[in-house]
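Step one of this worksheet: look at the structure below.
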Amino acid sequence: MSDAPAAEATLPDAARPRLLRGVRVKHDAVRGMDVLLAPERALKLDPIGAAILAEVDGTRSFAEIVARLAARYNAPAEQISGDARTFLVSLIERRMAEAA
Amino acid sequence: MTEQSRPDTARAVAVHPPMAMLAELTHRCALSCPYCSNPLEMTRRDTELSAADWAEIFAQAAEIGVLQLHLSGGEPASRRDLEEIVASAHAADLYTNLITSGIGLTEKRLDALEAAGLDHVQLSLQGVDAEMADRIGGYRGGFERKMAVAGWIGARGIPLTLNAVMHKLNLDRLPETIELALAMGARRLEVATVQFHGWAARNRAALMPTRAQAREASRIVREARARLRGRLVIDYVTADHHADYPKPCMGGWGSTGLNVLPDGRVMPCHAAHTIPGLDFERAPGRHLGEIWREGAAFNAFRGFDWMQEPCRSCDRKGIDFGGCRCQAMAIAGDPAATDPVCVKSPLHARLAAEAEADAAAEGAELTYRTNPA
Ligand code: SF4
Ligand code: SF4
């Protein structure tokens, strides 16, 4: 659509992601699911998204988050790493999360 | 339960829980923007709900699945008990957004609102400098005050969205508007081209953007979105009357959101009062959930059964729901007609021609909104 260079958000293994202020997970009892609430947005969280965000606390690095998820769900780290990175980068691009 | 005993639900239209509620806490406002979305006939101050009534409505809203609460007006800060109202919204575990012009907010009040659990502020912008902003808002000193409030919000780290209402008089200054949002530290910018309902409909000749302006704005938004990804999210409401298809109405009438007037009347959308014959029930006396599920106004245009041709057999009906009921009423004189913005409407050509004429008009006077008694 546009020729302008796109600013790509990245998430290195050592970066510590966190949700920005005003962004939080809530269990929606009426719909029976977790939702991510943010300014002017409410996103349905699937179980994978909810599990990822449950590990995001601002102190753990991305690599630590992946290792914890891999141990907990007994799944290959490469696959989790790909899913988790895509998801968190999408939140960073939407100004719902950041990584330091 | 047999169908006979429940005649109004026999029409098998699924009713989903509402996601969002807009609470018009008051229609009073220091500004008098000529595109205000408040009704032409405003709710009087002496019929406004009490903070306790609002607390009850918020609890009912949370119970039926509302997640996001938008506290709006008029100017919500013109209520002295706004802090108490925010606290009760927070207690109901609603995500609480304050939609404000900034007028009436002080540093002390922002501290109190923050302590009460306010999640987010949406600050309206009438123009990028005092000359334009104070002319559109009809309030001298308003721009300067707004900039101070934006600074206080930023200093506290309260998440901020800048809501810039754009029209013929200011659309050319979109690049500066984007710069201003960045300078304020806003996370989000809403570029909201005026929709011509209510007060705005009285100011078509003054506010209707030209087709060229609308096209250039779309280009600027595309470019800025790519350039600012991860820094500023831009939501864009395009110019309705230059489009081929209408905007979806509220994501479907009675499907995702509801609107409560200062006196507690519950409407399916902020302009629903312009449709004659719709009767709006009052919360919290009647439970919000009953109004949402069973209220005649909510069921009037729910689902697809009410549609006429060409919408009825159109494959876009699940995308735009036949467009805006209020616009169909205003222009076609029938709230169940196809929104005349749609190219398939027999009225589209007339609407497009009128939009061209209004866009070309120069020097039209602004008609400002008035304040409630
Ligand atoms: S009827 Fe029109 S004004 Fe009302 S919500 Fe739908 S689109 Fe908006
Ligand atoms: S005919 Fe009706 S449903 Fe089809 S695009 Fe037009 S407004 Fe939408």
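Every chain in the structure tokens has a letter given in the order shown (A, B, ...), and although residue numbers restart at 1 in each chain, ligands are simply numbered from 1 in the order shown.
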
Could you list the protein, DNA and RNA residues that have any atom within 8 Å of ligand 2, counting only C-alpha atoms and all ligand atoms, and write them as a count of residues only? 25

Surroundings of ligand 1 up to 6 Å, based on only C-alpha atoms and all ligand atoms, as a ChimeraX atom specification: /B:249-250,269-272,324-327

Excluding range 16-28 of chain A and any residue of its chain fewer than 4 positions from it, enumerate the residues within 7 Å of it, using only C-alpha atoms, and give them as a VMD selection string. (chain A and resid 32 to 39 56 to 62 96 to 100) or (chain B and resid 119 to 120 159)

Just asking: which residues within range 55-272 of chain B are alpha helix (DSSP H) according to DSSP, as a count of residues only? 88

What is the distance, in Å and to one decimal place, between CA of Glu354 in chain B and CA of Gly333 in chain B?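 Distance between the two atoms: 16.5 Å.
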
Could you list, as an MDAnalysis selection string, the residues of chain B having an atom within 10 Å of chain A when counting only C-alpha atoms? chainID B and resid 16:17 19:20 62:70 93:97 118:122 157:161 187:188 219:220 222:234

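The spacing separating CA of Ala63 in chain A from CA of Ala77 in chain A amounts to 9.4 Å.
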
Report the residues of range 107-342 of chain B whose backbone DSSP state falls under strand (DSSP E), written as a ChimeraX atom specification. /B:120-125,160-166,188-193,233-237,257-260,266-267

Point-to-point distance in Å for CA of Glu365 in chain B and CA of Glu41 in chain B: 21.3 Å

Excluding Asp279 in chain B and any residue of its chain fewer than 4 positions from it, enumerate the residues within 10 Å of it, using only C-alpha atoms, and give them as a PyMOL selection string. chain B and resi 265-267+272-273+275+295-298

Let's have the selection written as a PDB file, in the first residue's frame, with C-alpha atoms.
```
ATOM      1  CA  ARG B 265     -32.847   6.098  29.102  1.00  0.00           C
ATOM      2  CA  VAL B 266     -31.076   3.258  27.316  1.00  0.00           C
ATOM      3  CA  MET B 267     -30.577   3.480  23.553  1.00  0.00           C
ATOM      4  CA  ALA B 272     -31.387   6.336  18.095  1.00  0.00           C
ATOM      5  CA  HIS B 273     -33.680   9.030  19.504  1.00  0.00           C
ATOM      6  CA  ILE B 275     -35.966   7.428  14.936  1.00  0.00           C
ATOM      7  CA  GLY B 295     -36.472  -3.864  24.914  1.00  0.00           C
ATOM      8  CA  ALA B 296     -38.489  -3.069  21.810  1.00  0.00           C
ATOM      9  CA  ALA B 297     -35.934  -0.490  20.627  1.00  0.00           C
ATOM     10  CA  PHE B 298     -33.135  -3.074  20.828  1.00  0.00           C
TER      11      PHE B 298
END
```

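By only C-alpha atoms, and with residues fewer than 4 positions from Ala70 in chain A along its chain excluded, the set lying at most 12 Å from it is Ile48, Ala51, Ile52, Glu55, Ala63, Glu64, Ile65, Val66, Asn74, Ala75, Pro76, Ala77, Glu78, Gln79, Ile80, Ser81, Gly82, Asp83 and Ala84 of chain A.
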
List the neighbours of Ala364 in chain B out to 9 Å using only C-alpha atoms; skip same-chain residues closer than 4 positions along the sequence, and give me the result as a JSON list (two decimals) with N, CA, C and O atoms, in the first residue's frame.
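Generated output (part.json):
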```
[["chain", "number", "residue", "atom", "x", "y", "z"],
["B", 203, "ASN", "N", -24.61, 21.60, 9.86],
["B", 203, "ASN", "CA", -23.38, 22.30, 9.48],
["B", 203, "ASN", "C", -22.69, 21.65, 8.28],
["B", 203, "ASN", "O", -21.47, 21.72, 8.14],
["B", 204, "ARG", "N", -23.51, 21.05, 7.45],
["B", 204, "ARG", "CA", -22.93, 20.33, 6.32],
["B", 204, "ARG", "C", -22.10, 21.24, 5.42],
["B", 204, "ARG", "O", -20.99, 20.88, 5.01],
["B", 205, "ALA", "N", -22.63, 22.40, 5.12],
["B", 205, "ALA", "CA", -21.93, 23.28, 4.17],
["B", 205, "ALA", "C", -20.61, 23.79, 4.76],
["B", 205, "ALA", "O", -19.65, 24.04, 4.04],
["B", 206, "ALA", "N", -20.57, 23.93, 6.09],
["B", 206, "ALA", "CA", -19.34, 24.41, 6.71],
["B", 206, "ALA", "C", -18.32, 23.28, 6.91],
["B", 206, "ALA", "O", -17.12, 23.53, 6.91],
["B", 207, "LEU", "N", -18.79, 22.06, 7.08],
["B", 207, "LEU", "CA", -17.90, 20.98, 7.55],
["B", 207, "LEU", "C", -17.64, 19.85, 6.56],
["B", 207, "LEU", "O", -16.70, 19.08, 6.74]]
```
